[in-house]
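One file, run-v2.cif, carrying mmCIF, C-alpha atoms and all ligand atoms:
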```cif
data_upload
loop_
_atom_site.label_atom_id
_atom_site.label_comp_id
_atom_site.auth_asym_id
_atom_site.auth_seq_id
_atom_site.Cartn_x
_atom_site.Cartn_y
_atom_site.Cartn_z
CA MET T 7 53.84 -34.24 -24.02
CA TYR T 8 53.63 -30.56 -24.86
CA LEU T 9 50.52 -31.21 -26.86
CA LYS T 10 48.93 -33.04 -23.92
CA MET T 11 49.60 -30.13 -21.57
CA ALA T 12 48.21 -27.64 -23.99
CA LYS T 13 45.10 -29.76 -24.33
CA ARG T 14 44.73 -30.02 -20.57
CA GLU T 15 45.11 -26.29 -20.20
CA LYS T 16 42.45 -25.80 -22.83
CA TYR T 17 40.11 -28.10 -20.93
CA MET T 18 40.84 -26.34 -17.66
CA LYS T 19 40.07 -22.99 -19.22
CA LYS T 20 36.88 -24.38 -20.60
CA GLY T 21 36.02 -25.73 -17.13
CA LEU T 22 36.59 -22.32 -15.57
CA LYS T 23 34.39 -20.70 -18.18
CA TRP T 24 31.60 -23.13 -17.36
CA LYS T 25 32.01 -22.47 -13.66
CA ILE T 26 31.61 -18.74 -14.25
CA VAL T 27 28.59 -19.33 -16.44
CA ASN T 28 27.10 -21.55 -13.73
CA VAL T 29 27.64 -18.99 -10.98
CA LEU T 30 26.05 -16.32 -13.14
CA LEU T 31 23.09 -18.56 -13.87
CA ILE T 32 22.59 -19.30 -10.17
CA LEU T 33 22.75 -15.58 -9.38
CA LEU T 34 20.22 -14.81 -12.08
CA PHE T 35 17.97 -17.53 -10.73
CA ALA T 36 18.23 -16.15 -7.20
CA VAL T 37 17.35 -12.66 -8.37
CA SER T 38 14.43 -13.95 -10.43
CA LEU T 39 13.17 -15.83 -7.37
CA GLU T 40 13.38 -12.54 -5.50
CA CYS T 41 15.73 -14.06 -2.97
CA ILE T 42 17.70 -10.85 -3.18
CA PRO T 43 15.68 -7.76 -2.35
CA VAL T 44 17.57 -5.44 -4.64
CA HIS T 45 16.45 -2.10 -3.25
CA ALA T 46 14.79 -3.20 -0.05
CA ALA T 47 17.48 -1.96 2.27
CA LYS T 48 16.93 1.68 1.35
CA LEU T 49 13.98 2.41 3.63
CA PRO T 50 14.07 1.84 7.36
CA ALA T 51 11.61 -0.73 8.66
CA LEU T 52 8.76 0.77 10.67
CA LYS T 53 7.29 -0.23 13.97
CA VAL T 54 4.39 0.82 16.16
CA LYS T 55 4.86 2.05 19.70
CA GLY T 56 1.81 3.08 21.65
CA THR T 57 -0.30 5.02 19.17
CA GLN T 58 2.71 6.12 17.12
CA LEU T 59 4.36 4.85 13.96
CA MET T 60 8.15 5.00 14.36
CA ASN T 61 11.40 4.16 12.66
CA ALA T 62 13.86 1.66 14.11
CA LYS T 63 15.55 4.43 16.15
CA GLY T 64 12.30 5.27 17.88
CA LYS T 65 11.74 8.52 16.02
CA PRO T 66 8.08 9.22 15.15
CA VAL T 67 7.29 8.79 11.47
CA GLN T 68 4.32 10.30 9.64
CA LEU T 69 3.66 8.74 6.27
CA LYS T 70 2.11 10.95 3.60
CA GLY T 71 1.04 9.92 0.16
CA VAL T 72 -1.57 9.01 -2.40
CA SER T 73 -3.73 6.02 -3.14
CA THR T 74 -4.19 4.65 -6.61
CA HIS T 75 -7.76 4.21 -7.83
CA GLY T 76 -8.66 0.55 -8.56
CA LEU T 77 -5.62 -1.33 -9.86
CA SER T 78 -7.80 -3.03 -12.47
CA TRP T 79 -9.00 0.25 -13.89
CA TYR T 80 -6.16 2.76 -13.60
CA PRO T 81 -2.98 0.66 -13.73
CA GLN T 82 -1.08 3.22 -15.84
CA TYR T 83 -0.13 5.24 -12.76
CA VAL T 84 1.93 2.37 -11.38
CA ASN T 85 5.17 3.19 -13.16
CA GLN T 86 8.73 3.97 -12.11
CA LYS T 87 8.89 7.49 -13.48
CA GLY T 88 5.62 8.47 -11.84
CA PHE T 89 6.64 7.07 -8.46
CA THR T 90 10.05 8.71 -8.52
CA TYR T 91 8.49 11.99 -9.66
CA MET T 92 5.96 12.03 -6.82
CA LYS T 93 8.68 11.32 -4.29
CA LYS T 94 10.98 14.05 -5.57
CA LYS T 95 8.54 16.75 -6.69
CA TRP T 96 5.50 16.20 -4.52
CA GLY T 97 7.42 15.13 -1.43
CA ILE T 98 5.33 12.04 -0.71
CA ASN T 99 6.81 9.00 1.01
CA THR T 100 4.00 6.49 0.46
CA VAL T 101 1.78 5.03 -2.25
CA ARG T 102 -1.23 2.82 -1.62
CA LEU T 103 -2.18 0.18 -4.17
CA ALA T 104 -5.97 -0.14 -4.00
CA MET T 105 -6.91 -3.61 -5.20
CA TYR T 106 -10.69 -3.97 -5.22
CA THR T 107 -11.86 -7.46 -4.30
CA GLY T 108 -15.58 -7.49 -5.09
CA GLU T 109 -16.11 -5.02 -7.93
CA TYR T 110 -15.79 -5.60 -11.68
CA ASN T 111 -12.49 -7.37 -12.33
CA GLY T 112 -11.83 -7.40 -8.62
CA TYR T 113 -9.37 -9.94 -7.21
CA CYS T 114 -12.19 -12.25 -6.12
CA THR T 115 -14.69 -11.61 -8.90
CA GLY T 116 -12.42 -11.73 -11.95
CA ASP T 117 -10.80 -14.88 -13.40
CA ALA T 118 -7.38 -16.42 -12.74
CA LYS T 119 -5.79 -14.41 -15.53
CA ASN T 120 -7.05 -11.20 -13.93
CA ARG T 121 -5.64 -12.27 -10.56
CA ARG T 122 -2.23 -12.88 -12.11
CA LEU T 123 -2.39 -9.47 -13.75
CA LEU T 124 -3.24 -7.79 -10.44
CA GLU T 125 -0.42 -9.61 -8.66
CA LYS T 126 1.97 -8.52 -11.40
CA ARG T 127 0.85 -4.90 -10.92
CA ILE T 128 1.41 -5.17 -7.18
CA ASP T 129 4.83 -6.64 -7.80
CA LYS T 130 5.77 -3.76 -10.06
CA GLY T 131 4.36 -1.31 -7.52
CA VAL T 132 6.42 -2.77 -4.68
CA LYS T 133 9.62 -2.66 -6.72
CA TYR T 134 9.08 0.78 -8.22
CA ALA T 135 8.34 2.07 -4.74
CA ALA T 136 11.45 0.47 -3.28
CA LYS T 137 13.56 2.03 -5.98
CA ALA T 138 11.94 5.44 -5.55
CA GLY T 139 12.31 5.26 -1.75
CA LEU T 140 8.59 5.00 -1.03
CA TYR T 141 6.59 2.90 1.38
CA ILE T 142 3.88 0.92 -0.37
CA ILE T 143 0.56 -0.24 1.03
CA ILE T 144 -0.96 -3.41 -0.40
CA ASP T 145 -4.65 -2.72 0.11
CA TRP T 146 -7.27 -5.50 0.03
CA HIS T 147 -9.95 -3.06 -1.03
CA ILE T 148 -13.24 -4.52 0.16
CA LEU T 149 -16.19 -2.22 -0.54
CA SER T 150 -19.36 -3.71 -2.12
CA ASP T 151 -18.36 -6.97 -0.39
CA GLY T 152 -19.02 -5.21 2.91
CA ASN T 153 -17.92 -7.99 5.26
CA PRO T 154 -14.28 -9.13 5.03
CA LYS T 155 -15.44 -12.66 5.85
CA THR T 156 -17.09 -12.81 2.38
CA TYR T 157 -13.73 -13.57 0.79
CA GLU T 158 -11.80 -14.62 3.87
CA LYS T 159 -10.27 -17.74 2.33
CA GLN T 160 -9.03 -15.81 -0.68
CA ALA T 161 -7.64 -13.09 1.59
CA VAL T 162 -5.71 -15.57 3.72
CA SER T 163 -4.03 -17.20 0.74
CA PHE T 164 -3.42 -13.81 -0.91
CA PHE T 165 -1.67 -12.41 2.16
CA LYS T 166 0.39 -15.58 2.64
CA LYS T 167 1.59 -15.20 -0.92
CA MET T 168 2.33 -11.49 -0.56
CA ALA T 169 4.16 -11.89 2.74
CA SER T 170 6.28 -14.73 1.33
CA LYS T 171 7.23 -12.59 -1.65
CA TYR T 172 7.89 -9.37 0.22
CA LYS T 173 9.15 -10.41 3.62
CA ASN T 174 12.52 -8.84 2.84
CA TYR T 175 11.03 -5.59 1.61
CA SER T 176 11.10 -3.12 4.47
CA ASN T 177 8.85 -0.73 2.52
CA VAL T 178 5.76 -2.97 2.38
CA ILE T 179 2.71 -2.33 4.56
CA TYR T 180 -0.36 -4.57 4.47
CA GLU T 181 -3.92 -3.29 4.66
CA ILE T 182 -6.19 -6.27 5.19
CA CYS T 183 -9.68 -4.79 4.65
CA ASN T 184 -10.27 -1.32 3.28
CA GLU T 185 -13.76 -0.48 4.59
CA PRO T 186 -16.05 -3.00 6.26
CA ASN T 187 -19.63 -1.77 5.96
CA GLY T 188 -23.25 -2.89 5.69
CA GLY T 189 -23.59 -3.55 9.39
CA THR T 190 -20.42 -5.64 9.69
CA THR T 191 -19.54 -5.78 13.38
CA TRP T 192 -16.14 -5.41 14.99
CA ASN T 193 -16.52 -9.03 16.12
CA ASP T 194 -16.69 -10.17 12.50
CA ILE T 195 -13.77 -7.99 11.48
CA LYS T 196 -11.77 -9.12 14.48
CA SER T 197 -12.30 -12.77 13.66
CA TYR T 198 -11.22 -12.12 10.05
CA ALA T 199 -8.29 -9.96 11.14
CA LYS T 200 -6.92 -12.70 13.41
CA LYS T 201 -6.72 -15.02 10.40
CA ALA T 202 -5.31 -12.47 7.96
CA VAL T 203 -2.74 -11.21 10.49
CA LYS T 204 -1.73 -14.78 11.32
CA ALA T 205 -1.27 -15.49 7.61
CA ILE T 206 1.06 -12.51 7.23
CA ARG T 207 2.93 -13.18 10.47
CA SER T 208 3.58 -16.80 9.49
CA ARG T 209 5.91 -15.31 6.82
CA ASP T 210 6.76 -11.85 8.05
CA LYS T 211 7.17 -11.16 11.73
CA LYS T 212 7.40 -7.40 11.55
CA ALA T 213 5.64 -5.62 8.69
CA VAL T 214 3.11 -2.99 9.73
CA ILE T 215 -0.48 -4.20 9.21
CA LEU T 216 -3.50 -1.88 8.90
CA ILE T 217 -6.86 -3.18 10.04
CA GLY T 218 -10.14 -1.73 8.75
CA THR T 219 -12.80 -0.73 11.25
CA PRO T 220 -16.64 -0.89 11.19
CA THR T 221 -18.78 1.62 9.22
CA TRP T 222 -16.38 2.34 6.33
CA SER T 223 -13.41 2.51 8.73
CA GLN T 224 -14.87 5.07 11.08
CA ASP T 225 -15.78 3.30 14.35
CA VAL T 226 -12.27 3.41 15.73
CA ASP T 227 -13.60 4.34 19.19
CA LEU T 228 -15.45 1.01 19.43
CA VAL T 229 -12.41 -0.92 18.25
CA ALA T 230 -10.31 0.76 20.92
CA ASP T 231 -12.33 -1.12 23.55
CA SER T 232 -11.11 -4.50 22.31
CA PRO T 233 -8.20 -4.32 19.87
CA LEU T 234 -6.34 -7.43 18.72
CA LYS T 235 -3.94 -8.80 21.31
CA GLY T 236 -0.67 -10.63 20.98
CA TYR T 237 0.72 -9.07 17.82
CA LYS T 238 3.12 -6.20 17.27
CA ASN T 239 2.96 -3.46 14.65
CA LEU T 240 -0.79 -3.34 14.10
CA MET T 241 -2.61 -0.10 13.34
CA TYR T 242 -6.26 0.66 12.68
CA SER T 243 -7.73 2.49 9.69
CA LEU T 244 -9.60 5.75 10.01
CA HIS T 245 -11.14 7.09 6.78
CA PHE T 246 -12.84 10.43 6.26
CA TYR T 247 -14.20 12.59 3.45
CA ALA T 248 -14.38 16.15 4.73
CA GLY T 249 -17.45 16.97 2.61
CA THR T 250 -19.37 14.46 4.74
CA HIS T 251 -17.37 13.83 7.92
CA GLY T 252 -16.46 16.51 10.40
CA ASP T 253 -16.19 17.10 14.11
CA TYR T 254 -18.24 14.04 15.08
CA LEU T 255 -15.72 11.69 13.46
CA ARG T 256 -12.73 13.60 14.85
CA GLN T 257 -14.19 13.10 18.30
CA LYS T 258 -14.38 9.37 17.69
CA ALA T 259 -10.77 9.44 16.52
CA GLN T 260 -9.70 11.38 19.60
CA ALA T 261 -11.53 8.90 21.84
CA ALA T 262 -9.70 6.04 20.16
CA LEU T 263 -6.33 7.76 20.61
CA ASP T 264 -7.14 8.44 24.25
CA LYS T 265 -7.74 4.73 24.72
CA GLY T 266 -4.35 4.02 23.12
CA LEU T 267 -5.40 2.84 19.64
CA PRO T 268 -2.82 3.49 16.89
CA LEU T 269 -4.58 5.12 13.92
CA PHE T 270 -3.61 5.34 10.27
CA VAL T 271 -5.59 7.37 7.70
CA SER T 272 -5.04 5.05 4.75
CA GLU T 273 -7.66 6.91 2.68
CA PHE T 274 -9.24 10.34 2.79
CA GLY T 275 -10.63 13.13 0.66
CA ILE T 276 -12.32 16.50 1.04
CA SER T 277 -15.16 15.80 -1.42
CA ASP T 278 -18.25 14.06 -0.10
CA ALA T 279 -18.14 10.36 0.72
CA SER T 280 -19.28 9.38 -2.77
CA GLY T 281 -15.94 10.60 -4.07
CA ASN T 282 -17.67 13.45 -5.87
CA GLY T 283 -19.48 16.71 -5.08
CA ALA T 284 -18.12 19.97 -3.70
CA LEU T 285 -14.84 20.15 -1.81
CA ASN T 286 -14.97 21.25 1.80
CA LYS T 287 -11.59 22.89 2.27
CA ALA T 288 -12.40 24.47 5.63
CA GLU T 289 -13.30 21.10 7.16
CA GLY T 290 -10.35 19.55 5.35
CA SER T 291 -7.97 22.02 7.04
CA LYS T 292 -9.39 21.12 10.45
CA TRP T 293 -8.68 17.47 9.69
CA MET T 294 -5.11 18.17 8.61
CA LYS T 295 -4.48 20.12 11.79
CA PHE T 296 -5.75 17.16 13.79
CA LEU T 297 -3.64 14.64 11.84
CA ASN T 298 -0.46 16.69 12.07
CA LYS T 299 -0.92 17.43 15.75
CA ASN T 300 -1.19 13.72 16.44
CA LYS T 301 1.43 12.71 13.83
CA ILE T 302 -1.10 10.47 12.11
CA SER T 303 -0.14 9.20 8.66
CA TYR T 304 -2.41 10.03 5.75
CA VAL T 305 -3.01 8.89 2.18
CA GLY T 306 -5.18 10.89 -0.25
CA TRP T 307 -7.70 9.36 -2.69
CA SER T 308 -7.06 9.02 -5.65
CA LEU T 309 -4.18 9.11 -8.14
CA SER T 310 -6.36 8.98 -11.25
CA ASN T 311 -7.88 11.22 -13.90
CA LYS T 312 -11.42 9.97 -13.39
CA GLU T 313 -14.05 12.67 -13.91
CA GLU T 314 -14.84 13.14 -10.19
CA SER T 315 -13.79 15.68 -7.59
CA SER T 316 -11.78 13.15 -5.52
CA ALA T 317 -9.40 12.51 -8.42
CA ILE T 318 -6.03 14.24 -8.10
CA LEU T 319 -5.59 14.62 -11.87
CA LYS T 320 -7.88 16.36 -14.34
CA SER T 321 -9.68 14.06 -16.75
CA SER T 322 -8.09 16.01 -19.59
CA SER T 323 -4.60 15.06 -18.34
CA LYS T 324 -3.29 11.87 -19.90
CA LYS T 325 0.16 12.06 -18.32
CA THR T 326 1.41 9.23 -16.10
CA THR T 327 4.34 11.24 -14.70
CA GLY T 328 5.81 14.75 -14.88
CA TRP T 329 2.53 16.42 -13.95
CA ASN T 330 2.44 20.17 -13.43
CA ASN T 331 -0.12 22.51 -11.91
CA LYS T 332 -2.26 22.40 -15.06
CA ASP T 333 -2.73 18.65 -14.67
CA LEU T 334 -4.01 18.90 -11.11
CA THR T 335 -7.63 19.24 -9.98
CA PRO T 336 -8.49 21.71 -7.17
CA TRP T 337 -8.27 18.76 -4.75
CA GLY T 338 -4.92 17.72 -6.18
CA LYS T 339 -3.52 21.23 -5.70
CA TRP T 340 -4.89 21.43 -2.17
CA LEU T 341 -3.49 18.04 -1.19
CA LEU T 342 -0.02 18.62 -2.60
CA LYS T 343 0.47 21.60 -0.29
CA TYR T 344 0.38 19.22 2.66
CA PHE T 345 3.12 16.93 1.36
CA LYS T 346 5.93 19.44 1.38
C1 LIG T 401 -14.92 5.30 -5.25
C2 LIG T 401 -14.33 5.90 -6.51
C3 LIG T 401 -15.35 5.85 -7.62
C4 LIG T 401 -15.84 4.42 -7.78
C5 LIG T 401 -16.37 3.88 -6.44
C6 LIG T 401 -16.79 2.43 -6.51
O1 LIG T 401 -13.93 7.22 -6.25
O2 LIG T 401 -14.77 6.31 -8.82
O3 LIG T 401 -16.87 4.39 -8.74
O4 LIG T 401 -15.34 3.99 -5.48
O5 LIG T 401 -15.77 1.61 -6.88
C7 LIG T 401 -14.34 5.01 -0.23
C8 LIG T 401 -13.78 3.82 -0.89
C9 LIG T 401 -13.33 4.11 -2.29
C10 LIG T 401 -14.29 5.07 -2.96
C11 LIG T 401 -14.25 6.40 -2.22
C12 LIG T 401 -15.17 7.47 -2.82
O6 LIG T 401 -12.74 3.23 -0.15
O7 LIG T 401 -13.25 2.91 -3.02
O8 LIG T 401 -13.89 5.24 -4.30
N1 LIG T 401 -14.61 6.17 -0.84
O9 LIG T 401 -16.48 7.05 -2.80
N2 LIG T 401 -14.71 5.13 1.03
C13 LIG T 401 -15.25 6.34 1.23
C14 LIG T 401 -15.19 7.03 0.04
#
```
Have the structure of the file written as structure tokens, please.
Amino acid sequence: MYLKMAKREKYMKKGLKWKIVNVLLILLFAVSLECIPVHAAKLPALKVKGTQLMNAKGKPVQLKGVSTHGLSWYPQYVNQKGFTYMKKKWGINTVRLAMYTGEYNGYCTGDAKNRRLLEKRIDKGVKYAAKAGLYIIIDWHILSDGNPKTYEKQAVSFFKKMASKYKNYSNVIYEICNEPNGGTTWNDIKSYAKKAVKAIRSRDKKAVILIGTPTWSQDVDLVADSPLKGYKNLMYSLHFYAGTHGDYLRQKAQAALDKGLPLFVSEFGISDASGNGALNKAEGSKWMKFLNKNKISYVGWSLSNKEESSAILKSSSKKTTGWNNKDLTPWGKWLLKYFK
């Protein structure tokens, strides 16, 4: 009798152990499926009201940060230490992940292995950003593929995938087409945008979405005449390089604001538009005055050490975090002053 009880107790203990193991396994599974957004709750979700980006309490928010160079070419800057460092020491609150679509090893020109690699880098970026307390922009970086309709199908399935994965991440912002160009009309972009926005909204009802505008994201005044209707939290991209773009483009931006179009500067520099050449600091300061006056968010190009004047880091600097003044280019030093 005593023996029997002891045996039963042993079995019960064993059963309990298994139950614990099972619960742990299920938890692990849930985490690996990303059912539990570990750090997502840290940052308040954003919304758009009128022309202004705001937090949930209706307080205006101005995002400030840096864009990576192409994720295929300079992936080393997507790392936890670097992100946390930039948040703490540079005072940024946003990073943009520039994923080229049409260039060498772009999302749509490379093979399936390359696509998986890029998605993995985005995934790391989103999670590092969440942990560092940064917003993160997932940028479908069209450029040589001037019309977003070129890879529309791929874009729709990409954004469905991203929005399914990150719907619980309040720090994720989607940018659906970096810079339409080559004569792409607003009608074309609008037709593409309706599909890409619908794809995101089928999974995520609220995330902020940035929409590129004609002529390398400059013709915001034209877009303001017929923006997308029926969706919340949409903003429109305005890009400038102060070495090339001055007062004329600011006037277009002002016209768009006057018509009620919410603008977001998801990329800018003070070199010329090629990403190289002399810096125009005087014009750059005029732009910053304009952006700050209108509380427009801005993201500087680019967090890389490429030998060009629009790179934030010197080509001699091999660091991927912990940068000091000696690692920064003249543009990098200039830009960092505006983050504090
Ligand atoms: C540039 C990079 C340069 C690269 C080129 C083509 O700085 O190293 O060779 O792209 O891939 C943009 C684009 C952005 C450009 C940048 C500077 O969005 O991809 O990066 N620029 O030319 N629009 C205006 C300027």
Inset, instruction - Check the smallest atom-to-atom distance from each of T:Asn99, T:Ser316, T:Gln160, T:Asn239 to Asp210 (chain T) using all atoms listed in the file, then report the winner. - result: T:Asn239
Inset, instruction - Mind listing whatever residues come within 12 Å of the point (-18.3, -10.8, 12.8)? Use all atoms listed in the file, file coordinates, and give them as a PyMOL selection string. - result: chain T and resi 152-156+158+186-200+219-220
Go ahead and save the picked residues with C-alpha atoms, as a short mmCIF file (atom, residue, chain, number, x, y, z; two decimals), in the coordinates of the input.
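Everything below was put into part.cif:
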```cif
data_model
loop_
_atom_site.label_atom_id
_atom_site.label_comp_id
_atom_site.auth_asym_id
_atom_site.auth_seq_id
_atom_site.Cartn_x
_atom_site.Cartn_y
_atom_site.Cartn_z
CA GLY T 152 -19.02 -5.21 2.91
CA ASN T 153 -17.92 -7.99 5.26
CA PRO T 154 -14.28 -9.13 5.03
CA LYS T 155 -15.44 -12.66 5.85
CA THR T 156 -17.09 -12.81 2.38
CA GLU T 158 -11.80 -14.62 3.87
CA PRO T 186 -16.05 -3.00 6.26
CA ASN T 187 -19.63 -1.77 5.96
CA GLY T 188 -23.25 -2.89 5.69
CA GLY T 189 -23.59 -3.55 9.39
CA THR T 190 -20.42 -5.64 9.69
CA THR T 191 -19.54 -5.78 13.38
CA TRP T 192 -16.14 -5.41 14.99
CA ASN T 193 -16.52 -9.03 16.12
CA ASP T 194 -16.69 -10.17 12.50
CA ILE T 195 -13.77 -7.99 11.48
CA LYS T 196 -11.77 -9.12 14.48
CA SER T 197 -12.30 -12.77 13.66
CA TYR T 198 -11.22 -12.12 10.05
CA ALA T 199 -8.29 -9.96 11.14
CA LYS T 200 -6.92 -12.70 13.41
CA THR T 219 -12.80 -0.73 11.25
CA PRO T 220 -16.64 -0.89 11.19
#
```
Do you have, as CSV, the list of residues of chain T lying at most 8 Å from ligand LIG 401 (chain T), each with its nearest atom pair and that distance in Å to one decimal, counting only C-alpha atoms and all ligand atoms and ordered by chain then number?
```
residue,atom,partner,partner_atom,distance
T:His75,CA,T:LIG401,C2,6.9
T:Gly76,CA,T:LIG401,O5,7.4
T:Ala104,CA,T:LIG401,O7,8.0
T:Tyr106,CA,T:LIG401,O7,7.7
T:Glu109,CA,T:LIG401,O5,6.7
T:His147,CA,T:LIG401,O6,6.9
T:Ile148,CA,T:LIG401,O6,7.8
T:Leu149,CA,T:LIG401,O7,6.4
T:Ser150,CA,T:LIG401,C6,8.0
T:Asn184,CA,T:LIG401,O6,6.2
T:Glu185,CA,T:LIG401,O6,6.1
T:Trp222,CA,T:LIG401,N2,6.2
T:His245,CA,T:LIG401,C13,6.9
T:Phe246,CA,T:LIG401,C13,6.9
T:Tyr247,CA,T:LIG401,C14,6.6
T:Glu273,CA,T:LIG401,O6,6.9
T:Phe274,CA,T:LIG401,C14,7.3
T:Gly275,CA,T:LIG401,C14,7.6
T:Asp278,CA,T:LIG401,C14,7.7
T:Ala279,CA,T:LIG401,C14,4.5
T:Ser280,CA,T:LIG401,O9,3.6
T:Gly281,CA,T:LIG401,C12,3.5
T:Asn282,CA,T:LIG401,C12,7.2
T:Trp307,CA,T:LIG401,C11,7.2
T:Ser308,CA,T:LIG401,O1,7.1
T:Lys312,CA,T:LIG401,O2,6.7
T:Glu314,CA,T:LIG401,O2,7.0
T:Ser316,CA,T:LIG401,O1,6.3
T:Ala317,CA,T:LIG401,O1,7.3
```
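CA of Phe270 (chain T) is found 6.0 Å from CA of Ile302 (chain T).
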Inset, instruction - Give me the residues within 12 Å of region 81-95 of chain T as an MDAnalysis selection string, counting all atoms listed in the file and dropping any in the same chain fewer than 6 places off. - result: chainID T and resid 69:75 101:105 123:142 308:311 318:319 324:331 342:343 345:346
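Comparing the minimum interatomic distances between Asn177 (chain T) and each of T:Arg121, T:Lys48, T:Lys295, T:Lys339, counting all atoms listed in the file, we find that T:Lys48 sits nearest.
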Legend entry - For Pro66 (chain T), the nearest of the candidates T:Ser176, T:Asn286, T:Thr250, T:Ser303, counting all atoms listed in the file: T:Ser303
Inset, instruction - Would you mind listing what lies within 12 Å of region 253-261 of chain T as a ChimeraX atom specification, with all atoms listed in the file counted and same-chain residues fewer than 2 positions away left out? - result: /T:57,219,221-231,242-251,263-271,288-297,299-300,302
Inset, instruction - May I ask for the distance between CA of Leu234 (chain T) and CA of Val54 (chain T), given in Å to one decimal place? - result: 13.8 Å
Show me, as lines of an AutoDock Vina configuration file, the centre and edge lengths in Å to one decimal of the axis-aligned box that covers every listed atom of region 113-125 of chain T with 4 Å on each side.
```
center_x = -7.6
center_y = -12.1
center_z = -10.8
size_x = 22.3
size_y = 16.6
size_z = 17.4
```
Inset, instruction - Could you check how far CA of Ile143 (chain T) sits from CA of Glu181 (chain T), in Å to one decimal? - result: 6.5 Å
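Nearest residue to Leu341 (chain T), choosing from T:Ser208, T:Ser321, T:Asn61, T:Ser277 and counting only C-alpha atoms: T:Ser277.
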Legend entry - Distance criterion (all atoms listed in the file): nearest to Leu216 (chain T) out of T:Ile144, T:Gly112, T:Lys201, T:Leu240: T:Leu240
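Nearest to Ile182 (chain T) of all the residues T:Lys166, T:Arg209, T:Lys119, T:Lys25 is T:Lys166, based on all atoms listed in the file.
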